[in-house]
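This is work.cif (mmCIF, C-alpha atoms).
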```
data_start
loop_
_atom_site.label_atom_id
_atom_site.label_comp_id
_atom_site.auth_asym_id
_atom_site.auth_seq_id
_atom_site.Cartn_x
_atom_site.Cartn_y
_atom_site.Cartn_z
CA MET A 1 3.43 82.12 -55.08
CA VAL A 2 6.43 83.22 -57.09
CA PHE A 3 6.71 85.74 -59.92
CA LEU A 4 9.55 84.60 -62.16
CA HIS A 5 9.12 87.43 -64.61
CA GLY A 6 8.01 90.07 -62.10
CA ASN A 7 4.52 91.31 -61.36
CA VAL A 8 3.02 94.80 -61.71
CA ALA A 9 1.26 94.54 -58.34
CA THR A 10 4.25 93.27 -56.36
CA GLY A 11 6.86 95.26 -54.49
CA TYR A 12 9.78 94.25 -52.32
CA CYS A 13 12.17 95.52 -49.71
CA ARG A 14 15.72 95.16 -50.93
CA ARG A 15 17.08 95.49 -47.38
CA ASP A 16 14.92 92.84 -45.70
CA GLY A 17 14.06 90.58 -48.64
CA ILE A 18 10.31 90.87 -48.06
CA LYS A 19 7.73 91.15 -50.83
CA GLY A 20 4.14 92.32 -50.78
CA ASP A 21 1.68 94.75 -52.35
CA ALA A 22 3.61 97.23 -54.49
CA ARG A 23 2.01 100.14 -52.65
CA GLY A 24 2.77 98.62 -49.25
CA TYR A 25 5.46 98.94 -46.64
CA CYS A 26 8.04 96.49 -45.34
CA LEU A 27 6.90 94.88 -42.10
CA ARG A 28 10.44 94.98 -40.67
CA CYS A 29 11.87 98.39 -41.54
CA GLY A 30 8.71 100.28 -42.51
CA ASN A 31 10.11 101.51 -45.83
CA LEU A 32 7.88 101.74 -48.89
CA PHE A 33 8.36 98.72 -51.18
CA GLU A 34 10.26 99.12 -54.43
CA TRP A 35 8.38 98.05 -57.53
CA ALA A 36 9.31 94.56 -58.68
CA PRO A 37 10.96 94.56 -62.11
CA LEU A 38 9.31 93.02 -65.15
CA LEU A 39 11.08 90.67 -67.53
CA TYR A 40 9.54 90.95 -70.96
CA PRO A 41 9.14 88.05 -73.44
CA ILE A 42 12.43 88.28 -75.26
CA GLN A 43 14.70 85.51 -76.51
CA LYS A 44 17.34 85.74 -73.78
CA LYS A 45 16.31 87.09 -70.41
CA ASN A 46 18.95 87.89 -67.82
CA TYR A 47 17.44 86.43 -64.67
CA ALA A 48 20.45 87.35 -62.54
CA ASP A 49 20.26 91.12 -63.11
CA ASN A 50 17.86 91.82 -60.27
CA GLU A 51 17.91 90.40 -56.75
CA PHE A 52 14.10 90.25 -56.60
CA ILE A 53 14.01 87.99 -59.67
CA VAL A 54 16.90 85.87 -58.31
CA THR A 55 15.04 85.44 -55.01
CA GLU A 56 11.87 84.39 -56.84
CA TRP A 57 13.81 81.80 -58.88
CA ASN A 58 15.44 80.40 -55.75
CA ALA A 59 12.02 80.15 -54.08
CA LEU A 60 10.68 78.31 -57.13
CA LYS A 61 13.53 75.78 -57.10
CA ARG A 62 13.21 75.17 -53.36
CA GLY A 63 9.43 74.90 -53.59
CA PHE A 64 9.49 72.49 -56.52
CA SER A 65 12.05 70.23 -54.89
CA GLU A 66 9.98 69.95 -51.69
CA ALA A 67 6.44 69.99 -53.13
CA PHE A 68 3.82 67.28 -53.16
CA MET A 69 1.44 69.33 -55.31
CA ILE A 70 2.19 72.17 -57.69
CA THR A 71 -0.25 74.49 -59.41
CA ILE A 72 0.77 76.27 -62.61
CA PHE A 73 -1.24 79.44 -63.30
CA GLY A 74 -1.65 80.44 -66.94
CA TYR A 75 1.90 79.63 -68.00
CA ASN A 76 2.03 77.47 -71.09
CA GLY A 77 5.53 76.02 -70.60
CA THR A 78 6.60 76.37 -74.20
CA LYS A 79 9.85 74.86 -75.38
CA THR A 80 11.17 78.34 -76.29
CA ASP A 81 11.38 79.26 -72.60
CA GLU A 82 14.25 76.85 -72.06
CA GLU A 83 15.72 78.48 -68.95
CA THR A 84 12.45 78.35 -67.05
CA ILE A 85 11.65 74.76 -68.00
CA ALA A 86 15.21 73.63 -67.23
CA ALA A 87 15.17 75.21 -63.75
CA MET A 88 11.76 73.77 -62.95
CA SER A 89 12.72 70.32 -64.30
CA GLU A 90 15.94 70.21 -62.31
CA ALA A 91 14.13 71.10 -59.08
CA TRP A 92 11.17 68.76 -59.69
CA GLY A 93 13.26 65.80 -60.83
CA ALA A 94 12.07 62.88 -62.94
CA SER A 95 8.31 62.38 -63.16
CA ASP A 96 8.80 58.66 -62.47
CA ASP A 97 10.29 59.60 -59.10
CA ARG A 98 7.16 61.67 -58.40
CA ASN A 99 4.64 58.84 -58.64
CA LEU A 100 2.27 60.24 -55.98
CA GLU A 101 2.61 63.95 -56.66
CA GLN A 102 -0.20 65.89 -58.29
CA THR A 103 0.19 68.73 -60.80
CA SER A 104 -2.64 71.18 -61.41
CA PHE A 105 -2.97 73.66 -64.24
CA ILE A 106 -5.14 76.76 -64.17
CA THR A 107 -5.20 77.47 -67.89
CA ILE A 108 -7.22 77.59 -71.07
CA GLN A 109 -4.92 75.03 -72.72
CA ASP A 110 -6.45 71.73 -73.69
CA ASP A 111 -5.30 68.29 -72.56
CA ASP A 112 -3.12 67.70 -75.64
CA GLU A 113 -1.22 70.96 -75.13
CA ILE A 114 -0.70 70.20 -71.44
CA GLN A 115 0.62 66.72 -72.24
CA LYS A 116 2.97 68.12 -74.90
CA ASN A 117 4.35 71.02 -72.85
CA TRP A 118 4.34 69.58 -69.33
CA SER A 119 5.08 65.86 -69.66
CA LYS A 120 8.23 66.25 -67.50
CA PHE A 121 6.05 67.27 -64.55
CA ILE A 122 3.28 64.70 -64.84
CA HIS A 123 3.46 61.14 -63.60
CA SER A 124 0.96 59.02 -65.51
CA HIS A 125 -2.50 60.51 -64.89
CA HIS A 126 -1.58 62.62 -61.84
CA TYR A 127 -2.68 65.99 -63.16
CA GLU A 128 -5.77 68.07 -63.63
CA ILE A 129 -6.71 71.08 -65.73
CA HIS A 130 -9.07 73.85 -64.67
CA SER A 131 -10.05 76.88 -66.68
CA ASP A 132 -11.54 78.37 -63.51
CA PHE A 133 -9.32 78.89 -60.45
CA TYR A 134 -12.27 78.34 -58.12
CA GLN A 135 -12.63 74.73 -59.28
CA SER A 136 -9.07 73.84 -58.25
CA TRP A 137 -7.83 72.09 -55.11
CA ILE A 138 -5.80 75.10 -54.03
CA ALA A 139 -8.82 77.41 -54.24
CA ASN A 140 -11.11 75.08 -52.32
CA HIS A 141 -8.52 74.02 -49.72
CA PRO A 142 -5.97 76.87 -49.57
CA ARG A 143 -4.29 75.98 -46.29
CA ARG A 144 -4.34 72.20 -46.46
CA THR A 145 -4.45 71.39 -50.16
CA GLY A 146 -2.36 68.21 -50.00
CA GLU A 147 -4.23 66.85 -46.98
CA ALA A 148 -7.60 67.46 -48.63
CA TYR A 149 -6.39 65.71 -51.78
CA LEU A 150 -5.02 62.67 -49.94
CA GLU A 151 -7.73 62.26 -47.31
CA PRO A 152 -10.22 60.26 -49.46
CA ILE A 153 -7.37 58.13 -50.88
CA LEU A 154 -5.85 57.24 -47.51
CA ARG A 155 -9.12 56.83 -45.62
CA VAL A 156 -9.42 53.24 -44.53
#
```
Could you quickly redo this structure as structure tokens?
Amino acid sequence: MVFLHGNVATGYCRRDGIKGDARGYCLRCGNLFEWAPLLYPIQKKNYADNEFIVTEWNALKRGFSEAFMITIFGYNGTKTDEETIAAMSEAWGASDDRNLEQTSFITIQDDDEIQKNWSKFIHSHHYEIHSDFYQSWIANHPRRTGEAYLEPILRV
């Protein structure tokens, strides 16, 4: 789970690069976590100003490039957030090259909005929308989401 614009409940240790509960302590050095910064919805955000945010963006890019399944929580992917969409698109690659991957959305958006805003991340019909987190693959199979998804398909 990455927090590209910060998170009020997340803290981090600048020295060890570890994140956790904002009121918690670093598991390596024992220091109290610093509060993660928040990036507010403005036209031009400077993502490189804070090392926590930079680390989160790098984790997103690495995760997207290696993922079989991704789950987007409540983010609508609007065209005005060009930097975010560009970074995600570059890491994910072309949807035609992702012909087995599955994209899940935990959102209140309808199917038309998802298609309009997220077409770069969806191959054909390989996506699902849930308004309730507990109906999603990741909620019902948190440790082996991809295996649970593929098991009925690959069962011979």
Counting only C-alpha atoms, figure out which residue out of A:Leu38, A:Asp49, A:Glu90, A:Asn76 gets nearest to Lys116 in chain A.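 Looking only at the distances to Lys116 in chain A, the closest residue turns out to be A:Asn76.
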Could you spell out the hits of the PyMOL selection byres ((chain A and resi 21) around 12) on the shown file, as a PDB file with C-alpha atoms, in the coordinates of the input?
```pdb
ATOM      1  CA  ASN A   7       4.520  91.310 -61.360  1.00  0.00           C
ATOM      2  CA  VAL A   8       3.020  94.800 -61.710  1.00  0.00           C
ATOM      3  CA  ALA A   9       1.260  94.540 -58.340  1.00  0.00           C
ATOM      4  CA  THR A  10       4.250  93.270 -56.360  1.00  0.00           C
ATOM      5  CA  GLY A  11       6.860  95.260 -54.490  1.00  0.00           C
ATOM      6  CA  TYR A  12       9.780  94.250 -52.320  1.00  0.00           C
ATOM      7  CA  CYS A  13      12.170  95.520 -49.710  1.00  0.00           C
ATOM      8  CA  ILE A  18      10.310  90.870 -48.060  1.00  0.00           C
ATOM      9  CA  LYS A  19       7.730  91.150 -50.830  1.00  0.00           C
ATOM     10  CA  GLY A  20       4.140  92.320 -50.780  1.00  0.00           C
ATOM     11  CA  ALA A  22       3.610  97.230 -54.490  1.00  0.00           C
ATOM     12  CA  ARG A  23       2.010 100.140 -52.650  1.00  0.00           C
ATOM     13  CA  GLY A  24       2.770  98.620 -49.250  1.00  0.00           C
ATOM     14  CA  TYR A  25       5.460  98.940 -46.640  1.00  0.00           C
ATOM     15  CA  CYS A  26       8.040  96.490 -45.340  1.00  0.00           C
ATOM     16  CA  LEU A  27       6.900  94.880 -42.100  1.00  0.00           C
ATOM     17  CA  LEU A  32       7.880 101.740 -48.890  1.00  0.00           C
ATOM     18  CA  PHE A  33       8.360  98.720 -51.180  1.00  0.00           C
ATOM     19  CA  GLU A  34      10.260  99.120 -54.430  1.00  0.00           C
ATOM     20  CA  TRP A  35       8.380  98.050 -57.530  1.00  0.00           C
ATOM     21  CA  ALA A  36       9.310  94.560 -58.680  1.00  0.00           C
TER      22      ALA A  36
END
```
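The gap separating CA of Ile72 in chain A from CA of Asp111 in chain A is 14.1 Å, in Å to one decimal.
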Pick from A:Glu83, A:Met69, A:His5, A:Phe52: nearest to Arg144 in chain A, with all atoms listed in the file counted? A:Met69
Select, from A:Gly146, A:Pro37, A:Gly63, A:Gly74, the residue with the minimum atom-to-atom distance to Leu100 in chain A, counting only C-alpha atoms.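 Answer, going by the shortest atom-to-atom distance: A:Gly146.
Computed from the coordinates, the CA of Arg98 in chain A to CA of Ala139 in chain A distance equals 22.8 Å.
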Just to confirm, what's the straight-line distance from CA of Ser136 in chain A to CA of Trp57 in chain A in Å (one decimal)? 24.2 Å
To test your reading of the syntax: which residues would the PyMOL selection byres ((chain A and resi 119-129) around 12) return for the file shown? Reply as number ranges by chain. A: 64-65, 67-74, 77-79, 85-118, 130-138, 149
For the file shown, report as a CSV table (one decimal) with C-alpha atoms, keeping the file's coordinate frame the outcome of the PyMOL selection byres ((chain A and resi 56) around 10) at residue level.
```
chain,number,residue,atom,x,y,z
A,1,MET,CA,3.4,82.1,-55.1
A,2,VAL,CA,6.4,83.2,-57.1
A,3,PHE,CA,6.7,85.7,-59.9
A,4,LEU,CA,9.6,84.6,-62.2
A,5,HIS,CA,9.1,87.4,-64.6
A,6,GLY,CA,8.0,90.1,-62.1
A,19,LYS,CA,7.7,91.2,-50.8
A,47,TYR,CA,17.4,86.4,-64.7
A,51,GLU,CA,17.9,90.4,-56.8
A,52,PHE,CA,14.1,90.2,-56.6
A,53,ILE,CA,14.0,88.0,-59.7
A,54,VAL,CA,16.9,85.9,-58.3
A,55,THR,CA,15.0,85.4,-55.0
A,57,TRP,CA,13.8,81.8,-58.9
A,58,ASN,CA,15.4,80.4,-55.8
A,59,ALA,CA,12.0,80.2,-54.1
A,60,LEU,CA,10.7,78.3,-57.1
A,61,LYS,CA,13.5,75.8,-57.1
A,62,ARG,CA,13.2,75.2,-53.4
```
Nearest to Asp81 in chain A, chosen from A:Tyr40, A:Asn31, A:Thr145, A:Pro152, with only C-alpha atoms counted in the distances: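 Counting only C-alpha atoms, the residue closest to Asp81 in chain A is A:Tyr40.
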